Amino acid sequence: MSTEEAFLAAKTVLTLFNAYVNTVAQEIGKEQADALMAKTCEFAGTMQGLMMKEQSDIKVCDAKAAWSMVKIFKDNFGAAYEVLEESPQKVVIKNGRCAIYEAAKTLGMDSNTIESGCRVGPMNLMRMAIKQL
């Protein structure tokens, strides 16, 4: 599957997902919906990180090694990103095109709401996966 195909597939699924999350937030309130999203992503990220660690041959996992494993999250979504710095101590990336962002924009969500959702959701998931590594 090409990066473009992955991006379009992810955007399609994430549009439905964001619509669902918005509906849940309207029903139970944004604060409670965000708390549930955070809890879900913390659990999912922890499990993903533990599985990656278990399946990896890496004995000492520094920032560079962890990035080599978790970048699949971005690649599977067809995300565009640039690695600005990569060392055993730190990996810095610059995000470009993002299916999560584009799906939310399709639903008319504003940038601040999208960023808030990313911090609670996908960024939280990646943080927890990296923490396990």
# chains A, B, ... in the order shown; residues from 1 in each chain; ligands from 1
>>> residues_around(residues="Leu16 in chain A", least_positions_apart="3", cutoff="12 Å", atoms="only C-alpha atoms", output="list in words")
Ala9, Ala10, Lys11, Thr12, Val13, Ala19, Tyr20, Val21, Asn22, Thr23, Ile100, Ala103, Ala104, Thr106 and Leu107 of chain A
>>> write_last_selection(atoms="all heavy atoms", output="JSON list (two decimals), in the first residue's frame")
[["chain", "number", "residue", "atom", "x", "y", "z"],
["A", 9, "ALA", "N", -7.06, 5.90, 3.36],
["A", 9, "ALA", "CA", -7.77, 4.89, 4.16],
["A", 9, "ALA", "C", -7.89, 5.35, 5.61],
["A", 9, "ALA", "O", -8.97, 5.27, 6.22],
["A", 9, "ALA", "CB", -7.05, 3.56, 4.07],
["A", 10, "ALA", "N", -6.78, 5.84, 6.17],
["A", 10, "ALA", "CA", -6.80, 6.31, 7.56],
["A", 10, "ALA", "C", -7.76, 7.49, 7.72],
["A", 10, "ALA", "O", -8.53, 7.54, 8.68],
["A", 10, "ALA", "CB", -5.39, 6.70, 7.99],
["A", 11, "LYS", "N", -7.72, 8.43, 6.78],
["A", 11, "LYS", "CA", -8.61, 9.60, 6.85],
["A", 11, "LYS", "C", -10.07, 9.18, 6.84],
["A", 11, "LYS", "O", -10.89, 9.72, 7.60],
["A", 11, "LYS", "CB", -8.31, 10.56, 5.70],
["A", 11, "LYS", "CG", -9.16, 11.81, 5.75],
["A", 11, "LYS", "CD", -8.86, 12.74, 4.59],
["A", 11, "LYS", "CE", -9.87, 13.88, 4.57],
["A", 11, "LYS", "NZ", -9.76, 14.68, 3.37],
["A", 12, "THR", "N", -10.41, 8.21, 6.00],
["A", 12, "THR", "CA", -11.79, 7.74, 5.92],
["A", 12, "THR", "C", -12.25, 7.15, 7.25],
["A", 12, "THR", "O", -13.31, 7.51, 7.77],
["A", 12, "THR", "CB", -11.92, 6.68, 4.79],
["A", 12, "THR", "OG1", -11.57, 7.31, 3.56],
["A", 12, "THR", "CG2", -13.33, 6.13, 4.71],
["A", 13, "VAL", "N", -11.45, 6.27, 7.81],
["A", 13, "VAL", "CA", -11.80, 5.63, 9.09],
["A", 13, "VAL", "C", -11.81, 6.66, 10.22],
["A", 13, "VAL", "O", -12.71, 6.66, 11.07],
["A", 13, "VAL", "CB", -10.81, 4.49, 9.40],
["A", 13, "VAL", "CG1", -11.00, 3.97, 10.81],
["A", 13, "VAL", "CG2", -10.96, 3.37, 8.40],
["A", 19, "ALA", "N", -16.33, 11.59, 14.24],
["A", 19, "ALA", "CA", -17.77, 11.86, 14.34],
["A", 19, "ALA", "C", -18.34, 11.15, 15.58],
["A", 19, "ALA", "O", -19.15, 11.73, 16.31],
["A", 19, "ALA", "CB", -18.48, 11.39, 13.07],
["A", 20, "TYR", "N", -17.91, 9.94, 15.81],
["A", 20, "TYR", "CA", -18.36, 9.19, 16.99],
["A", 20, "TYR", "C", -17.91, 9.89, 18.28],
["A", 20, "TYR", "O", -18.71, 10.09, 19.20],
["A", 20, "TYR", "CB", -17.81, 7.75, 16.94],
["A", 20, "TYR", "CG", -18.09, 6.98, 18.20],
["A", 20, "TYR", "CD1", -19.35, 6.47, 18.46],
["A", 20, "TYR", "CD2", -17.08, 6.78, 19.15],
["A", 20, "TYR", "CE1", -19.61, 5.77, 19.64],
["A", 20, "TYR", "CE2", -17.35, 6.09, 20.31],
["A", 20, "TYR", "CZ", -18.60, 5.58, 20.56],
["A", 20, "TYR", "OH", -18.86, 4.90, 21.71],
["A", 21, "VAL", "N", -16.65, 10.26, 18.34],
["A", 21, "VAL", "CA", -16.12, 10.94, 19.53],
["A", 21, "VAL", "C", -16.87, 12.24, 19.79],
["A", 21, "VAL", "O", -17.23, 12.55, 20.94],
["A", 21, "VAL", "CB", -14.60, 11.18, 19.41],
["A", 21, "VAL", "CG1", -14.09, 12.09, 20.51],
["A", 21, "VAL", "CG2", -13.85, 9.86, 19.42],
["A", 22, "ASN", "N", -17.17, 12.99, 18.75],
["A", 22, "ASN", "CA", -17.93, 14.24, 18.90],
["A", 22, "ASN", "C", -19.34, 13.96, 19.44],
["A", 22, "ASN", "O", -19.84, 14.70, 20.29],
["A", 22, "ASN", "CB", -18.02, 14.99, 17.58],
["A", 22, "ASN", "CG", -16.70, 15.61, 17.18],
["A", 22, "ASN", "OD1", -15.81, 15.81, 18.00],
["A", 22, "ASN", "ND2", -16.56, 15.91, 15.91],
["A", 23, "THR", "N", -19.97, 12.91, 18.95],
["A", 23, "THR", "CA", -21.31, 12.55, 19.42],
["A", 23, "THR", "C", -21.27, 12.14, 20.89],
["A", 23, "THR", "O", -22.13, 12.56, 21.68],
["A", 23, "THR", "CB", -21.89, 11.40, 18.56],
["A", 23, "THR", "OG1", -21.94, 11.84, 17.20],
["A", 23, "THR", "CG2", -23.28, 11.01, 19.02],
["A", 100, "ILE", "N", -5.22, 12.18, 10.89],
["A", 100, "ILE", "CA", -6.06, 12.50, 12.05],
["A", 100, "ILE", "C", -6.55, 13.94, 11.94],
["A", 100, "ILE", "O", -7.73, 14.23, 12.09],
["A", 100, "ILE", "CB", -5.29, 12.27, 13.37],
["A", 100, "ILE", "CG1", -4.90, 10.80, 13.50],
["A", 100, "ILE", "CG2", -6.11, 12.74, 14.57],
["A", 100, "ILE", "CD1", -3.88, 10.52, 14.59],
["A", 103, "ALA", "N", -8.97, 14.41, 8.87],
["A", 103, "ALA", "CA", -10.29, 13.83, 9.14],
["A", 103, "ALA", "C", -11.10, 14.77, 10.02],
["A", 103, "ALA", "O", -12.29, 15.01, 9.77],
["A", 103, "ALA", "CB", -10.15, 12.47, 9.80],
["A", 104, "ALA", "N", -10.47, 15.32, 11.05],
["A", 104, "ALA", "CA", -11.18, 16.24, 11.95],
["A", 104, "ALA", "C", -11.57, 17.52, 11.22],
["A", 104, "ALA", "O", -12.67, 18.05, 11.42],
["A", 104, "ALA", "CB", -10.30, 16.54, 13.16],
["A", 106, "THR", "N", -12.28, 17.78, 8.10],
["A", 106, "THR", "CA", -13.41, 17.41, 7.23],
["A", 106, "THR", "C", -14.73, 17.58, 7.97],
["A", 106, "THR", "O", -15.74, 17.94, 7.38],
["A", 106, "THR", "CB", -13.25, 15.96, 6.73],
["A", 106, "THR", "OG1", -12.05, 15.89, 5.97],
["A", 106, "THR", "CG2", -14.42, 15.51, 5.89],
["A", 107, "LEU", "N", -14.71, 17.32, 9.28],
["A", 107, "LEU", "CA", -15.93, 17.44, 10.09],
["A", 107, "LEU", "C", -16.15, 18.87, 10.60],
["A", 107, "LEU", "O", -17.10, 19.13, 11.32],
["A", 107, "LEU", "CB", -15.85, 16.49, 11.29],
["A", 107, "LEU", "CG", -15.86, 15.01, 10.94],
["A", 107, "LEU", "CD1", -15.59, 14.18, 12.18],
["A", 107, "LEU", "CD2", -17.18, 14.62, 10.30]]
>>> select_by_dssp(residues="range 62-131 of chain A", states="helix (DSSP H, G or I)", output="number ranges by chain")
A: 63-76, 99-106, 111-120, 122-131
>>> closest_residue(among="A:Phe7, A:Lys131, A:Met37, A:Glu85", to="Ala25 in chain A", atoms="only C-alpha atoms")
A:Met37
>>> residues_around(residues="Ile93 in chain A", least_positions_apart="2", cutoff="10 Å", atoms="only C-alpha atoms", output="MDAnalysis selection string")
chainID A and resid 81:86 90:91 95:96
>>> atom_distance(atom1="CA of Ala6 in chain A", atom2="CA of Ser111 in chain A")
22.6 Å
>>> atom_distance(atom1="CA of Lys64 in chain A", atom2="CA of Met52 in chain A")
14.4 Å
>>> atom_distance(atom1="CA of Gly49 in chain A", atom2="CA of Lys71 in chain A")
12.0 Å
>>> residues_around(residues="Thr40 in chain A", least_positions_apart="6", cutoff="12 Å", atoms="only C-alpha atoms", output="list in words")
Ala33, Asp34, Thr46, Met47, Val120, Gly121, Pro122, Asn124, Leu125 and Met128 of chain A
>>> write_last_selection(atoms="N, CA and C atoms", output="short mmCIF file (atom, residue, chain, number, x, y, z; two decimals), in the first residue's frame")
data_model
loop_
_atom_site.label_atom_id
_atom_site.label_comp_id
_atom_site.auth_asym_id
_atom_site.auth_seq_id
_atom_site.Cartn_x
_atom_site.Cartn_y
_atom_site.Cartn_z
N ALA A 33 -15.55 12.70 28.07
CA ALA A 33 -15.14 12.02 26.84
C ALA A 33 -13.62 12.05 26.69
N ASP A 34 -12.99 13.19 27.00
CA ASP A 34 -11.53 13.29 26.95
C ASP A 34 -10.88 12.36 27.97
N THR A 46 0.30 1.40 26.25
CA THR A 46 1.06 0.52 27.14
C THR A 46 1.14 -0.89 26.55
N MET A 47 0.02 -1.40 26.09
CA MET A 47 0.00 -2.75 25.50
C MET A 47 0.85 -2.82 24.24
N VAL A 120 -4.63 14.26 23.99
CA VAL A 120 -5.32 13.28 24.85
C VAL A 120 -5.27 11.89 24.22
N GLY A 121 -5.35 11.83 22.89
CA GLY A 121 -5.46 10.56 22.19
C GLY A 121 -4.16 10.05 21.62
N PRO A 122 -3.91 10.26 20.32
CA PRO A 122 -2.76 9.64 19.64
C PRO A 122 -1.40 9.97 20.25
N ASN A 124 -0.80 10.70 23.32
CA ASN A 124 -0.79 9.98 24.60
C ASN A 124 -0.48 8.51 24.36
N LEU A 125 -1.08 7.93 23.33
CA LEU A 125 -0.82 6.54 22.99
C LEU A 125 0.66 6.33 22.67
N MET A 128 2.86 6.57 25.84
CA MET A 128 2.80 5.38 26.68
C MET A 128 3.56 4.21 26.04
#
>>> closest_residue(among="A:Asp62, A:Gly117, A:Ser68, A:Tyr101", to="Ala80 in chain A", atoms="only C-alpha atoms")
A:Tyr101
>>> select_by_dssp(residues="range 9-100 of chain A", states="strand (DSSP E or B)", output="ChimeraX atom specification")
/A:81-86,91-95
>>> write_last_selection(atoms="C-alpha atoms", output="PDB file, in the first residue's frame")
ATOM      1  CA  TYR A  81       6.973  13.882   8.819  1.00  0.00           C
ATOM      2  CA  GLU A  82      10.612  14.872   8.843  1.00  0.00           C
ATOM      3  CA  VAL A  83      13.163  13.681  11.387  1.00  0.00           C
ATOM      4  CA  LEU A  84      15.015  16.824  12.491  1.00  0.00           C
ATOM      5  CA  GLU A  85      17.228  15.219  15.113  1.00  0.00           C
ATOM      6  CA  GLU A  86      17.911  11.586  15.912  1.00  0.00           C
ATOM      7  CA  VAL A  91      14.401  12.219  18.505  1.00  0.00           C
ATOM      8  CA  VAL A  92      12.745  15.368  17.184  1.00  0.00           C
ATOM      9  CA  ILE A  93      10.285  15.181  14.327  1.00  0.00           C
ATOM     10  CA  LYS A  94       8.403  17.831  12.392  1.00  0.00           C
ATOM     11  CA  ASN A  95       4.868  16.729  11.560  1.00  0.00           C
TER      12      ASN A  95
END
>>> closest_residue(among="A:Val24, A:Ile58, A:Ala129, A:Val70", to="Ala44 in chain A", atoms="only C-alpha atoms")
A:Ala129
>>> closest_residue(among="A:Thr3, A:Gly108, A:Ala63, A:Ile72", to="Gln48 in chain A", atoms="only C-alpha atoms")
A:Ile72
>>> closest_residue(among="A:Cys118, A:Met123, A:Cys61, A:Leu8", to="Gly45 in chain A", atoms="only C-alpha atoms")
A:Met123
